[in-house]
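Engineer: Below is the structure I would like to discuss, written out as structure tokens.
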Amino acid sequence: MNKQSVIVKNLSKSYNNKVALNNISFEVKKGELFGFIGPDGAGKTTLFRILATLLIPDEGSAIVESFDVIRDYKSIRKIVGYMPGRFSLYQDLSVEENLKFFATIFGTTIKENYELIKDIYVQIEPFKNRIAGKLSGGMKQKLALSCALIHRPKVLFLDEPTTGVDAVSRKEFWEMLKKLNEKGISIIVSTPYMDEARSCNRVALINNGEILSIDTPENIIMQNDQDILAVKTNDLYKLILDLRSYEKTDTAFLFGEYVHLCPIKPFKDLVLLEEYLQSKQHHDIIIKKIKPGIEDCFMKLMKRSI
Amino acid sequence: MRTIIYILRKEFRQLFRDKVMSRVIFILPILQLFVLAYAATFEIKKINLYVVDLDKSVSSRELINKFQGSSFFILVDQSGSYHLAEDKLKSGKADQILHIPNKFEKDLNKFSFAKVQVVTDAIDGNTALLMNAYALSIIQDYNKDLIVEEMPIIQQADPININHSYWFNPELNYITYMVPGILVLLVTIIGMFLSSMNIVKEKENGTIEQINVTPIRKYQFITGKLLPFWIVGLVELAIGLTLAWIAFNIPILGSIWLIFLVAGVYMLVVLGFGLIISTTANTQQQAMFIAWFFLMIFILMSGLFTPVESMPEWAQIVNYANPIAYFIKVMRMVMLKGSGFNDIAEQFFALLTYAVFALSVAVWRYRKTA
């Protein structure tokens with residue numbers, strides 16, 4: 001029995017000479033929760049559309065549950081659940097009608113698979129007669145997920161499911177994904193939010209159509225295990241510019257109210273940096289050593305790939 | 001099968017949930033039927049007549065009385081100056097001048113032979129012909145021995161007496177003539193717009209993405225999209241025919257089933273056309289404009305407002321590709337003449353071929369992968 005849910009080899013896709021995916025290869029194991037992390041325009045949606053058989057790649061192959069996305073697209077459509085980034089259910093049909101419609105199209109009924117979607121559906125069931133267009137962002141996502149699950153798919157493709165959803169709903173949504181994952185459904189999810197990466201079994205960092213790194217979130221952080229510095233002064237904008245022109249700086253990015261500074265070599269002493277900043281007329285200087293997060297790793301990998 | 005039924009239910013649900021659209025679909029066509037049936041007529045009533053009577057005799061007054069007695073003419077003014085009359089004609093206050101020279105009565109009595117002049121504003125050729133014909137018939141009626149001199153068309157008093165008898169529409173009632181054609185327009189407009197907008201709407205809302213990843217079959221999807229509007233179209237036609245019968249007293253001499261048989265095929269042509277537009281356009285706006293463009297050409301060339309026979313030859317050839325022209329002809333033949341299937345077989349098979357062609361292209365154009 002094949003242990004891989006998705007196998008992608010040397011996949012490329014361009015739109016009018018603009019490269020969206022450049023020679024991408026990766027594998028997703030069965031029952032894995034696999035995340036694609038990358039900024040807008042990284043090629044995530046193109047990849048998902050190819051996997052969901054909506055787009056034909058220029059080169060390379062993609063196998064989903066041992067079906068080829070080009071040759072066996074009909075079989076794939078029966079066993080995958082796809083949730084596009086944009087809310088794509090009928091806004092003028094009610095919650096229940098939408099769910100029933102998709103169940104019927106897949107040749108099943110709500111009753112048959114209720115157990116699978118129960119945890120999610122109970123949260124929107126009080127509004128089952130409300131039309132989908134009048135639901136809140138979080139409820140829309142829950143409905144879309146229910147519809148994507150109604151035929152008990154083996155693989156779920158979720159393209160930026162949490163974009164435009166409030167922080168609480170996002171957290172709930174990831175809890176639901178984990179539960180589904182425990183039931184044996186392979187889940188491939190993309191997100192621009194770095195903090196969500198921690199919930200995945202493995203993540204792929206993707207930028208400009210290329211995969212920068214694939215590993216567990218812990219390993220990605222460990223590989224770049226190097227103390228970084230959080231720096232704050234009275235003038236943040238000037239601080240970024242000054243830090244970037246500092247000879248010992250590898251990368252410097254703004255995270256909230258701090259600038260995360262990744263040095264080329266670890267600093268032995270922070271005094272030199274402080275003196276440098278003072279010489280640039282900064283006041284209220286705070287410098288802290290912190291553990292890198294996945295964001296820091298991403299920024300570092302991204303800078304290297306350029 | 002279950003899938004198709006559920007898609008149908010979904011389409012109808014969406015259609016009737018949209019309060020504005022469901023009203024538009026059923027109320028506007030009825031309004032349109034009434035407005036067009038009364039407004040789109042070629043009959044000319046109330047011709048503004050200016051009389052220049054230089055004779056002022058009993059005979060001339062009798063002639064003028066004849067005109068006044070006709071329901072077609074309104075005497076706007078009367079004077080002895082031809083120049084004044086011409087001014088009225090130029091300013092559009094009069095449509096026609098009746099010019100009676102002096103010695104009219106005298107000549108009539110002396111030589112049993114006299115002249116009158118009729119001048120007609122011929123900006124609109126069709127109207128001018130009709131006005132002329134009306135004026136001539138009144139003058140001829142007054143005295144068959146009168147020689148009429150009229151402008152711009154010269155016509156001798158006819159030595160042969162012609163009596164007309166109009167078949168299938170004996171009173172030359174324009175409503176009888178127009179309504180079958182207008183009914184065709186109604187179902188065409190509704191069918192074309194609904195079907196051309198539908199898939200585009202799914203594209204705009206992104207719902208087509210979600211549909212495309214399901215195992216739904218092409219034929220199921222297309223059937224689900226066509227059948228609701230096919231049904232709506234035929235229901236509209238039924239309502240229209242009932243109204244035509246009740247409100248306009250238009251008989252249906254032929255078989256009602258024959259009308260619906262042809263209408264069923266015709267709706268497939270219209271919907272197929274709409275679907276082709278739908279698969280080509282990316283926004284509802286684009287679909288709207290493309291649909292309008294074809295509708296305008298088809299309607300204006302259909303023979304509803306101007307007879308196809310009087311169009312130039314190339315236009316008549318183009319009309320072989322005009323489904324509206326076929327269906328209007330069938331409607332008029334079956335409703336007014338009582339034609340049977342054999343009489344309309346040519347049109348029927350033309351429409352059938354068209355339907356197969358339009359639907360094949362539509363199915364071929366609709367692909368589930370981008």
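Naming works like this for the structure tokens: A, B, ... for the chains as they're shown, residue 1 at the start of each chain, ligands 1 onward in shown order.
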Can you pull out every residue within 12 Å of Leu261 (chain A), counting only C-alpha atoms, but drop anything in the same chain fewer than 2 positions away, and send it as an MDAnalysis selection string?

Structural biologist: chainID A and resid 226:232 239:246 248:255 258:259 263:267 273 287:292 296:297 299:300

Engineer: For the residues in that selection, give me N, CA and C atoms as a compact mmCIF listing (two decimals), in the first residue's frame.

Structural biologist:
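File produced: selection39.txt:
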# COMPACT_ATOMS: atom_id res chain seq x y z
N GLN A 226 19.76 29.95 16.03
CA GLN A 226 20.75 30.99 16.17
C GLN A 226 19.99 32.08 16.87
N ASP A 227 20.59 32.57 17.92
CA ASP A 227 19.88 33.61 18.64
C ASP A 227 19.72 34.83 17.76
N ILE A 228 18.58 35.42 17.84
CA ILE A 228 18.42 36.67 17.12
C ILE A 228 18.10 37.75 18.14
N LEU A 229 18.18 38.96 17.70
CA LEU A 229 18.01 40.07 18.62
C LEU A 229 16.74 40.84 18.28
N ALA A 230 16.02 41.20 19.32
CA ALA A 230 14.88 42.09 19.14
C ALA A 230 15.32 43.47 19.57
N VAL A 231 15.23 44.42 18.69
CA VAL A 231 15.74 45.76 18.98
C VAL A 231 14.60 46.77 18.86
N LYS A 232 14.61 47.73 19.78
CA LYS A 232 13.57 48.75 19.74
C LYS A 232 14.20 50.08 20.12
N LEU A 239 15.57 52.97 12.43
CA LEU A 239 16.27 51.83 13.02
C LEU A 239 16.48 50.71 11.99
N ILE A 240 15.39 50.42 11.22
CA ILE A 240 15.53 49.36 10.21
C ILE A 240 16.61 49.72 9.21
N LEU A 241 16.56 50.96 8.74
CA LEU A 241 17.55 51.38 7.73
C LEU A 241 18.96 51.31 8.29
N ASP A 242 19.12 51.77 9.54
CA ASP A 242 20.46 51.77 10.15
C ASP A 242 20.96 50.35 10.39
N LEU A 243 20.01 49.48 10.83
CA LEU A 243 20.44 48.10 11.10
C LEU A 243 20.82 47.38 9.83
N ARG A 244 20.07 47.69 8.77
CA ARG A 244 20.38 47.01 7.50
C ARG A 244 21.72 47.45 6.94
N SER A 245 22.09 48.68 7.24
CA SER A 245 23.38 49.13 6.71
C SER A 245 24.54 48.78 7.67
N TYR A 246 24.17 48.16 8.79
CA TYR A 246 25.19 47.75 9.77
C TYR A 246 25.96 46.56 9.23
N LYS A 248 27.46 44.06 10.50
CA LYS A 248 27.32 42.72 11.07
C LYS A 248 25.92 42.12 10.90
N THR A 249 25.05 42.85 10.19
CA THR A 249 23.67 42.39 10.04
C THR A 249 23.51 41.46 8.85
N ASP A 250 22.82 40.34 9.10
CA ASP A 250 22.42 39.51 7.97
C ASP A 250 21.05 39.98 7.48
N THR A 251 20.02 39.87 8.32
CA THR A 251 18.70 40.38 7.95
C THR A 251 18.14 41.21 9.10
N ALA A 252 17.26 42.15 8.74
CA ALA A 252 16.55 42.93 9.76
C ALA A 252 15.14 43.17 9.26
N PHE A 253 14.16 42.68 10.02
CA PHE A 253 12.76 42.87 9.63
C PHE A 253 11.96 43.34 10.82
N LEU A 254 10.89 44.08 10.51
CA LEU A 254 10.05 44.60 11.57
C LEU A 254 9.02 43.54 11.96
N PHE A 255 8.93 43.23 13.25
CA PHE A 255 7.88 42.36 13.76
C PHE A 255 7.20 43.08 14.89
N TYR A 258 9.07 45.55 17.51
CA TYR A 258 10.51 45.26 17.53
C TYR A 258 11.03 44.99 16.13
N VAL A 259 12.32 45.29 15.94
CA VAL A 259 12.99 44.86 14.73
C VAL A 259 13.78 43.62 15.08
N PRO A 263 22.07 38.40 13.04
CA PRO A 263 23.46 38.76 12.73
C PRO A 263 24.15 37.71 11.85
N ILE A 264 25.20 38.11 11.16
CA ILE A 264 25.97 37.17 10.35
C ILE A 264 26.65 36.15 11.26
N LYS A 265 27.32 36.68 12.31
CA LYS A 265 27.89 35.81 13.34
C LYS A 265 27.28 36.24 14.66
N PRO A 266 27.04 35.29 15.58
CA PRO A 266 26.46 35.69 16.86
C PRO A 266 27.30 36.76 17.55
N PHE A 267 26.60 37.71 18.13
CA PHE A 267 27.31 38.77 18.85
C PHE A 267 27.87 38.22 20.15
N LEU A 273 26.75 46.96 19.41
CA LEU A 273 25.54 47.32 18.68
C LEU A 273 24.89 48.56 19.27
N ILE A 287 17.59 46.20 23.67
CA ILE A 287 18.07 45.05 22.89
C ILE A 287 17.87 43.79 23.71
N LYS A 288 17.15 42.80 23.08
CA LYS A 288 16.91 41.55 23.80
C LYS A 288 17.33 40.39 22.92
N LYS A 289 17.81 39.32 23.58
CA LYS A 289 18.06 38.09 22.83
C LYS A 289 16.78 37.28 22.84
N ILE A 290 16.35 36.78 21.69
CA ILE A 290 15.13 35.96 21.66
C ILE A 290 15.37 34.70 20.85
N LYS A 291 14.45 33.72 21.02
CA LYS A 291 14.47 32.50 20.21
C LYS A 291 13.79 32.81 18.89
N PRO A 292 14.32 32.34 17.78
CA PRO A 292 13.68 32.64 16.50
C PRO A 292 12.35 31.91 16.36
N ASP A 296 10.93 34.26 11.47
CA ASP A 296 12.32 34.66 11.31
C ASP A 296 13.03 33.74 10.32
N CYS A 297 12.72 32.44 10.44
CA CYS A 297 13.34 31.48 9.53
C CYS A 297 12.91 31.74 8.11
N MET A 299 11.91 34.54 6.77
CA MET A 299 12.53 35.76 6.25
C MET A 299 13.97 35.48 5.83
N LYS A 300 14.64 34.69 6.66
CA LYS A 300 16.04 34.40 6.40
C LYS A 300 16.18 33.56 5.12

Engineer: At a cut-off of 8 Å, which residues of chain B touch chain A? Count only C-alpha atoms and give the answer as a PyMOL selection string.

Structural biologist: chain B and resi 2-3+6-7+10+13-14+17+205-210+212-216+368-370

Engineer: For a test of reading the model, state the distance in Å between CA of Leu177 (chain A) and CA of Ser94 (chain A), rounded to one decimal.

Structural biologist: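 These two atoms are separated by 24.0 Å.
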
Engineer: Using DSSP secondary structure from the backbone, list all strand (DSSP E) positions within region 173-245 of chain A, as a list in words.

Structural biologist: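 Those in region 173-245 of chain A that DSSP calls strand (DSSP E) are Ser186, Ile187, Ile188, Val189, Ser190, Thr191, Arg202, Val203, Ala204, Leu205, Ile206, Asn207, Glu210, Ile211, Leu212, Ser213, Ile214, Asp215, Ile228, Leu229, Ala230, Val231 and Lys232 of chain A.
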
Engineer: Export, as a PDB file, in the first residue's frame, the selected residues with C-alpha atoms.

Structural biologist:
ATOM      1  CA  SER A 186      -4.733  13.950   4.735  1.00  0.00           C
ATOM      2  CA  ILE A 187      -4.930  17.703   4.787  1.00  0.00           C
ATOM      3  CA  ILE A 188      -2.952  20.125   2.676  1.00  0.00           C
ATOM      4  CA  VAL A 189      -3.479  23.702   3.687  1.00  0.00           C
ATOM      5  CA  SER A 190      -1.963  26.970   2.619  1.00  0.00           C
ATOM      6  CA  THR A 191      -1.764  30.137   4.647  1.00  0.00           C
ATOM      7  CA  ARG A 202       5.272  19.518   8.265  1.00  0.00           C
ATOM      8  CA  VAL A 203       5.465  22.783   6.416  1.00  0.00           C
ATOM      9  CA  ALA A 204       6.837  23.900   3.099  1.00  0.00           C
ATOM     10  CA  LEU A 205       8.025  27.466   2.836  1.00  0.00           C
ATOM     11  CA  ILE A 206       7.190  28.713  -0.626  1.00  0.00           C
ATOM     12  CA  ASN A 207       8.111  31.947  -2.354  1.00  0.00           C
ATOM     13  CA  GLU A 210       9.853  27.797  -5.440  1.00  0.00           C
ATOM     14  CA  ILE A 211       9.938  25.725  -2.289  1.00  0.00           C
ATOM     15  CA  LEU A 212      12.576  27.096   0.039  1.00  0.00           C
ATOM     16  CA  SER A 213      12.431  24.396   2.659  1.00  0.00           C
ATOM     17  CA  ILE A 214      10.293  21.442   3.731  1.00  0.00           C
ATOM     18  CA  ASP A 215      10.447  20.144   7.271  1.00  0.00           C
ATOM     19  CA  ILE A 228      18.420  36.672  17.121  1.00  0.00           C
ATOM     20  CA  LEU A 229      18.006  40.075  18.618  1.00  0.00           C
ATOM     21  CA  ALA A 230      14.881  42.089  19.136  1.00  0.00           C
ATOM     22  CA  VAL A 231      15.739  45.757  18.979  1.00  0.00           C
ATOM     23  CA  LYS A 232      13.572  48.751  19.736  1.00  0.00           C
TER      24      LYS A 232
END

Engineer: Can you tell me, as a list in words, what residues are no more than 7 Å from region 331-343 of chain B when counting only C-alpha atoms, ignoring any on the same chain fewer than 6 positions away?

Structural biologist: Phe168, Pro180, Pro251, Ile252, Leu253, Gly254 and Ile259 of chain B

Engineer: Store the residues of this selection in a file with C-alpha atoms, as a PDB file, in the first residue's frame.

Structural biologist:
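And here is the file that came out, again35.pdb:
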ATOM      1  CA  PHE B 168     -56.554  35.232 -42.706  1.00  0.00           C
ATOM      2  CA  PRO B 180     -47.829  36.217 -32.599  1.00  0.00           C
ATOM      3  CA  PRO B 251     -57.745  32.903 -32.454  1.00  0.00           C
ATOM      4  CA  ILE B 252     -55.445  29.938 -32.596  1.00  0.00           C
ATOM      5  CA  LEU B 253     -56.655  28.221 -35.745  1.00  0.00           C
ATOM      6  CA  GLY B 254     -53.938  25.567 -35.841  1.00  0.00           C
ATOM      7  CA  ILE B 259     -47.048  25.516 -31.539  1.00  0.00           C
TER       8      ILE B 259
END

Engineer: Select, from B:Ile189, B:Val51, B:Leu295, B:Ala281, the residue with the minimum atom-to-atom distance to Glu204 (chain B), counting only C-alpha atoms.

Structural biologist: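 With only C-alpha atoms as the atom set, the closest residue is B:Ala281.
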
Engineer: Quick check, in Å to one decimal: how far apart do CA of Arg365 (chain B) and CA of Tyr219 (chain B) lie?

Structural biologist: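 Rounded to one decimal, the two atoms are 12.6 Å apart.
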
Engineer: How many Å separate CA of Leu180 (chain A) from CA of Val8 (chain A)?

Structural biologist: 23.2 Å

Engineer: If you count only C-alpha atoms, which residues fall within 10 Å of Asn282 (chain B), apart from same-chain ones fewer than 5 positions away, as a ChimeraX atom specification?

Structural biologist: /B:197,199-204,277,287

Engineer: Could you save those same residues with C-alpha atoms as a CSV table (one decimal), in the first residue's frame?

Structural biologist:
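As a result, selection.csv now contains:
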chain,number,residue,atom,x,y,z
B,197,MET,CA,-26.3,35.2,-17.6
B,199,ILE,CA,-23.1,30.3,-16.0
B,200,VAL,CA,-21.4,33.7,-16.1
B,201,LYS,CA,-22.9,34.4,-12.7
B,202,GLU,CA,-21.4,31.2,-11.4
B,203,LYS,CA,-18.1,32.3,-12.8
B,204,GLU,CA,-18.4,35.7,-11.2
B,277,ILE,CA,-22.4,33.4,-24.9
B,287,ALA,CA,-22.7,38.5,-21.6

Engineer: As a PyMOL selection string, please: the residues near Ile239 (chain B) (cut-off 10 Å, only C-alpha atoms, same-chain neighbours under 3 positions excluded).

Structural biologist: chain B and resi 26+29-30+183+233-236+242-245

Engineer: Take the residues that were just selected and, keeping N, CA and C atoms, output them as a compact mmCIF listing (two decimals), in the first residue's frame.

Structural biologist:
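Written output follows (part.txt):
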# COMPACT_ATOMS: atom_id res chain seq x y z
N PHE B 26 -41.89 37.45 -15.09
CA PHE B 26 -43.29 37.18 -15.39
C PHE B 26 -44.13 38.42 -15.63
N PRO B 29 -42.82 40.80 -19.33
CA PRO B 29 -43.25 40.34 -20.64
C PRO B 29 -44.72 40.64 -20.92
N ILE B 30 -45.55 40.57 -19.87
CA ILE B 30 -46.97 40.84 -20.07
C ILE B 30 -47.18 42.31 -20.42
N LEU B 183 -45.06 37.62 -29.16
CA LEU B 183 -44.93 36.47 -28.25
C LEU B 183 -43.58 35.79 -28.46
N GLY B 233 -39.58 29.44 -20.27
CA GLY B 233 -39.91 29.97 -21.59
C GLY B 233 -41.26 29.46 -22.08
N LEU B 234 -41.50 28.17 -21.93
CA LEU B 234 -42.76 27.61 -22.42
C LEU B 234 -43.94 28.07 -21.58
N VAL B 235 -43.71 28.23 -20.27
CA VAL B 235 -44.79 28.75 -19.42
C VAL B 235 -45.14 30.17 -19.84
N GLU B 236 -44.09 30.97 -20.12
CA GLU B 236 -44.32 32.34 -20.59
C GLU B 236 -45.16 32.34 -21.87
N THR B 242 -52.57 32.71 -23.88
CA THR B 242 -53.85 32.89 -23.19
C THR B 242 -54.27 34.36 -23.23
N LEU B 243 -53.31 35.25 -22.94
CA LEU B 243 -53.62 36.67 -22.97
C LEU B 243 -54.01 37.12 -24.37
N ALA B 244 -53.32 36.62 -25.38
CA ALA B 244 -53.61 37.01 -26.75
C ALA B 244 -55.04 36.63 -27.09
N TRP B 245 -55.46 35.50 -26.53
CA TRP B 245 -56.79 35.01 -26.83
C TRP B 245 -57.85 35.80 -26.06

Engineer: Compile the contact shell of Tyr38 (chain B) as a VMD selection string: residues with an atom at most 10 Å away, counting only C-alpha atoms, same-chain residues fewer than 6 positions apart removed.

Structural biologist: chain B and resid 32 174 to 175 178 to 179 248
